[in-house]
Amino acid sequence: MPGNTARVAAIVLAAGASRRMGTNKLLLPLDGEPLVRRACQRALAAGFDLLIVVLGHEAARVQAALAGLDCRFAFNADIGGPMSSSLHTGLECVPHAADAAVVMLADMVNVTEQMLRALVTAAESSAAPLITSRYGSTLAPPVLFRRVLFPELLATAGEGCGQAVVERHRAQALAVDAPLAALLDVDTPEEFANL
């Protein structure tokens with residue numbers, strides 16, 4: 001991502017309580033590393049100069065799982081609240097010099113560094129206010145939001161607030177095709193076992 005990485009931050013949302021899993025899913029090992037570390041490693045490999053990880057549930061354990069990685073931690077005090085509180089916490093940590101932020105979920109285990117790079121590459125040649133991943137006909141994270149949308153994101157609350165903003169701007173969005181398998185997230189013991 002030549003010339004533009006310093007202007008795009010990555011935000012990994014990793015504050016959830018994993019209620020359906022029964023244990024902190026972000027600490028479960030896949031290919032020898034916790035899910036949260038896997039997501040952050042891929043964001044770092046994609047070349048973002050700044051990686052913000054939003055912590056909440058079992059923050060100390062999740063932070064320990066990321067030991068040695070070059071990331072900045074943001075703490076969501078509203079543990080158990082809607083995902084919008086984590087998104088807001090992350091956005092508030094994005095430096096003013098950044099033009100955009102790529103928001104990704106720590107439990108989408110098949111998102112690759114190539115997918116993340118593709119969002120930024122697309123943004124370099126488009127004026128679209130957001131660049132979203134497209135899995136077949138489904139728009140989903142990771143999503144690149146330009147700074148012009150930050151106030152709207154911060155003003156939208158509840159579960160799926162980022163998706164609501166994506167839907168409101170769907171006509172102006174640029175979609176980057178991604179493999180359908182990368183849409184998988186892990187919420188239950190059965191889903192994790194299937195991996």
# chains A, B, ... in the order shown; residues from 1 in each chain; ligands from 1
$ select_by_dssp --residues "segment 73-192 of chain A" --states "strand (DSSP E or B)" --output "JSON, numbers by chain"
{"A": [73, 74, 75, 100, 101, 102, 103, 104, 105, 130, 131, 132, 133, 134, 135, 138, 139, 140, 141, 142, 143, 144, 145, 146, 174, 175, 176, 177]}
$ residues_around --residues "Glu167 of chain A" --least-positions-apart "3" --cutoff "12 Å" --atoms "only C-alpha atoms" --output "compact mmCIF listing (two decimals) with N, CA and C atoms, in the first residue's frame"
# COMPACT_ATOMS: atom_id res chain seq x y z
N LEU A 130 -16.96 5.06 1.60
CA LEU A 130 -16.61 3.82 2.27
C LEU A 130 -16.32 2.75 1.24
N THR A 132 -16.28 -1.36 1.14
CA THR A 132 -16.72 -2.50 1.94
C THR A 132 -16.36 -3.81 1.27
N THR A 138 -23.63 -10.06 -0.01
CA THR A 138 -23.61 -9.55 1.36
C THR A 138 -22.45 -8.58 1.56
N LEU A 139 -22.75 -7.39 2.08
CA LEU A 139 -21.71 -6.44 2.46
C LEU A 139 -21.43 -6.61 3.94
N ALA A 140 -20.17 -6.76 4.30
CA ALA A 140 -19.81 -7.04 5.69
C ALA A 140 -18.37 -6.61 5.94
N GLY A 160 -24.89 -3.43 15.28
CA GLY A 160 -24.90 -3.25 13.84
C GLY A 160 -24.91 -1.80 13.38
N CYS A 161 -24.39 -0.89 14.22
CA CYS A 161 -24.44 0.51 13.82
C CYS A 161 -23.57 0.77 12.59
N GLY A 162 -22.44 0.09 12.50
CA GLY A 162 -21.60 0.25 11.32
C GLY A 162 -22.31 -0.24 10.07
N GLN A 163 -23.04 -1.35 10.21
CA GLN A 163 -23.79 -1.89 9.07
C GLN A 163 -24.91 -0.94 8.66
N ALA A 164 -25.51 -0.27 9.64
CA ALA A 164 -26.57 0.70 9.32
C ALA A 164 -26.02 1.84 8.49
N ARG A 170 -25.01 2.83 0.79
CA ARG A 170 -24.75 1.72 -0.14
C ARG A 170 -24.59 2.20 -1.58
N ALA A 171 -25.37 3.18 -1.97
CA ALA A 171 -25.31 3.65 -3.36
C ALA A 171 -23.98 4.33 -3.68
N GLN A 172 -23.34 4.90 -2.66
CA GLN A 172 -22.05 5.59 -2.87
C GLN A 172 -20.86 4.69 -2.54
N ALA A 173 -21.13 3.52 -1.97
CA ALA A 173 -20.05 2.64 -1.51
C ALA A 173 -19.37 1.96 -2.70
$ residues_around --residues "Glu152 of chain A" --least-positions-apart "3" --cutoff "12 Å" --atoms "only C-alpha atoms" --output "PyMOL selection string"
chain A and resi 84+87-88+91+129+145-149+155-157+161-166+168-169
$ residues_around --residues "Leu119 of chain A" --least-positions-apart "4" --cutoff "8 Å" --atoms "only C-alpha atoms" --output "NGL selection string"
:A and (115 or 123 or 131-133 or 143-144 or 176)
$ write_last_selection --atoms "N, CA and C atoms" --output "compact mmCIF listing (two decimals), in the first residue's frame"
# COMPACT_ATOMS: atom_id res chain seq x y z
N MET A 115 -7.04 -9.24 1.74
CA MET A 115 -8.34 -8.59 1.74
C MET A 115 -8.24 -7.19 2.33
N ALA A 123 -9.38 2.31 -2.13
CA ALA A 123 -9.61 3.68 -1.65
C ALA A 123 -8.66 4.67 -2.30
N ILE A 131 -15.42 1.85 1.63
CA ILE A 131 -15.06 0.71 0.80
C ILE A 131 -15.39 -0.52 1.64
N THR A 132 -16.28 -1.36 1.14
CA THR A 132 -16.72 -2.50 1.94
C THR A 132 -16.36 -3.81 1.27
N SER A 133 -16.18 -4.83 2.08
CA SER A 133 -16.00 -6.17 1.55
C SER A 133 -17.35 -6.71 1.11
N VAL A 143 -14.49 -3.16 6.72
CA VAL A 143 -14.97 -2.00 5.98
C VAL A 143 -14.05 -0.82 6.22
N LEU A 144 -13.71 -0.11 5.15
CA LEU A 144 -12.94 1.13 5.27
C LEU A 144 -13.92 2.30 5.27
N VAL A 176 -15.55 -4.38 -2.65
CA VAL A 176 -14.42 -5.20 -3.09
C VAL A 176 -14.79 -6.66 -2.83
$ select_by_dssp --residues "chain A" --states "alpha helix (DSSP H)" --output "ChimeraX atom specification"
/A:35-45,59-65,83-91,113-124,150-155,161-168,189-194
$ residues_around --residues "segment 97-110 of chain A" --least-positions-apart "2" --cutoff "6 Å" --atoms "only C-alpha atoms" --output "ChimeraX atom specification"
/A:7-14,36,39,95,141-147,182,184-186
$ residues_around --residues "Phe75 of chain A" --least-positions-apart "4" --cutoff "6 Å" --atoms "only C-alpha atoms" --output "JSON, numbers by chain"
{"A": [54, 55, 56]}
$ atom_distance --atom1 "atom CA of Arg42 of chain A" --atom2 "atom CA of Leu116 of chain A"
8.3 Å
$ atom_distance --atom1 "atom CA of Asp49 of chain A" --atom2 "atom CA of Leu153 of chain A"
22.4 Å
$ atom_distance --atom1 "atom CA of Phe73 of chain A" --atom2 "atom CA of Leu28 of chain A"
19.9 Å
$ residues_around --residues "Cys71 of chain A" --least-positions-apart "6" --cutoff "8 Å" --atoms "only C-alpha atoms" --output "mmCIF file with N, CA and C atoms, in the first residue's frame"
data_model
loop_
_atom_site.group_PDB
_atom_site.id
_atom_site.type_symbol
_atom_site.label_atom_id
_atom_site.label_comp_id
_atom_site.auth_asym_id
_atom_site.auth_seq_id
_atom_site.Cartn_x
_atom_site.Cartn_y
_atom_site.Cartn_z
ATOM 1 N N LEU A 50 -0.869 2.091 12.093
ATOM 2 C CA LEU A 50 -1.492 2.155 13.404
ATOM 3 C C LEU A 50 -2.570 1.098 13.498
ATOM 4 N N LEU A 51 -2.473 0.275 14.535
ATOM 5 C CA LEU A 51 -3.481 -0.736 14.824
ATOM 6 C C LEU A 51 -4.056 -0.440 16.202
ATOM 7 N N ILE A 52 -5.362 -0.220 16.250
ATOM 8 C CA ILE A 52 -6.073 0.036 17.498
ATOM 9 C C ILE A 52 -6.890 -1.203 17.819
ATOM 10 N N VAL A 53 -6.693 -1.752 19.014
ATOM 11 C CA VAL A 53 -7.458 -2.922 19.453
ATOM 12 C C VAL A 53 -8.359 -2.483 20.588
#
$ closest_residue --among "A:Pro151, A:Gly47, A:Gly68, A:Gly81" --to "Arg117 of chain A" --atoms "only C-alpha atoms"
A:Gly47
$ decode --residues "segment 27-51 of chain A" --atoms "N, CA and C atoms" --output "tab-separated table (two decimals), in the first residue's frame"
chain	number	residue	atom	x	y	z
A	27	LEU	N	-9.63	-15.92	22.78
A	27	LEU	CA	-8.43	-16.56	23.32
A	27	LEU	C	-8.31	-18.01	22.88
A	28	LEU	N	-9.31	-18.52	22.14
A	28	LEU	CA	-9.23	-19.90	21.65
A	28	LEU	C	-8.14	-20.00	20.59
A	29	PRO	N	-7.37	-21.11	20.60
A	29	PRO	CA	-6.27	-21.24	19.64
A	29	PRO	C	-6.73	-21.78	18.29
A	30	LEU	N	-6.23	-21.18	17.24
A	30	LEU	CA	-6.44	-21.67	15.88
A	30	LEU	C	-5.09	-21.58	15.17
A	31	ASP	N	-4.65	-22.69	14.62
A	31	ASP	CA	-3.32	-22.73	13.99
A	31	ASP	C	-2.24	-22.24	14.94
A	32	GLY	N	-2.42	-22.57	16.22
A	32	GLY	CA	-1.36	-22.29	17.19
A	32	GLY	C	-1.36	-20.90	17.79
A	33	GLU	N	-2.36	-20.07	17.48
A	33	GLU	CA	-2.40	-18.74	18.09
A	33	GLU	C	-3.84	-18.35	18.40
A	34	PRO	N	-4.03	-17.54	19.46
A	34	PRO	CA	-5.38	-17.11	19.81
A	34	PRO	C	-6.03	-16.35	18.65
A	35	LEU	N	-7.35	-16.46	18.54
A	35	LEU	CA	-8.07	-15.81	17.44
A	35	LEU	C	-7.76	-14.32	17.36
A	36	VAL	N	-7.70	-13.64	18.52
A	36	VAL	CA	-7.46	-12.21	18.51
A	36	VAL	C	-6.06	-11.89	17.98
A	37	ARG	N	-5.09	-12.70	18.33
A	37	ARG	CA	-3.72	-12.47	17.84
A	37	ARG	C	-3.65	-12.72	16.33
A	38	ARG	N	-4.37	-13.73	15.88
A	38	ARG	CA	-4.42	-14.03	14.44
A	38	ARG	C	-4.94	-12.82	13.66
A	39	ALA	N	-6.04	-12.23	14.14
A	39	ALA	CA	-6.62	-11.06	13.46
A	39	ALA	C	-5.64	-9.89	13.46
A	40	CYS	N	-5.01	-9.65	14.60
A	40	CYS	CA	-4.10	-8.51	14.69
A	40	CYS	C	-2.83	-8.72	13.86
A	41	GLN	N	-2.34	-9.95	13.83
A	41	GLN	CA	-1.17	-10.26	12.99
A	41	GLN	C	-1.48	-9.96	11.53
A	42	ARG	N	-2.67	-10.28	11.09
A	42	ARG	CA	-3.03	-10.05	9.69
A	42	ARG	C	-3.17	-8.56	9.40
A	43	ALA	N	-3.70	-7.82	10.35
A	43	ALA	CA	-3.79	-6.37	10.16
A	43	ALA	C	-2.39	-5.76	10.08
A	44	LEU	N	-1.50	-6.20	10.93
A	44	LEU	CA	-0.13	-5.67	10.90
A	44	LEU	C	0.57	-6.07	9.60
A	45	ALA	N	0.35	-7.30	9.17
A	45	ALA	CA	0.98	-7.75	7.92
A	45	ALA	C	0.46	-6.97	6.72
A	46	ALA	N	-0.77	-6.45	6.82
A	46	ALA	CA	-1.34	-5.67	5.72
A	46	ALA	C	-0.67	-4.31	5.58
A	47	GLY	N	0.07	-3.89	6.59
A	47	GLY	CA	0.87	-2.67	6.46
A	47	GLY	C	0.30	-1.43	7.10
A	48	PHE	N	-0.74	-1.57	7.92
A	48	PHE	CA	-1.24	-0.38	8.62
A	48	PHE	C	-0.18	0.11	9.61
A	49	ASP	N	0.06	1.41	9.62
A	49	ASP	CA	1.02	1.95	10.58
A	49	ASP	C	0.44	2.00	11.98
A	50	LEU	N	-0.87	2.09	12.09
A	50	LEU	CA	-1.49	2.16	13.40
A	50	LEU	C	-2.57	1.10	13.50
A	51	LEU	N	-2.47	0.27	14.54
A	51	LEU	CA	-3.48	-0.74	14.82
A	51	LEU	C	-4.06	-0.44	16.20
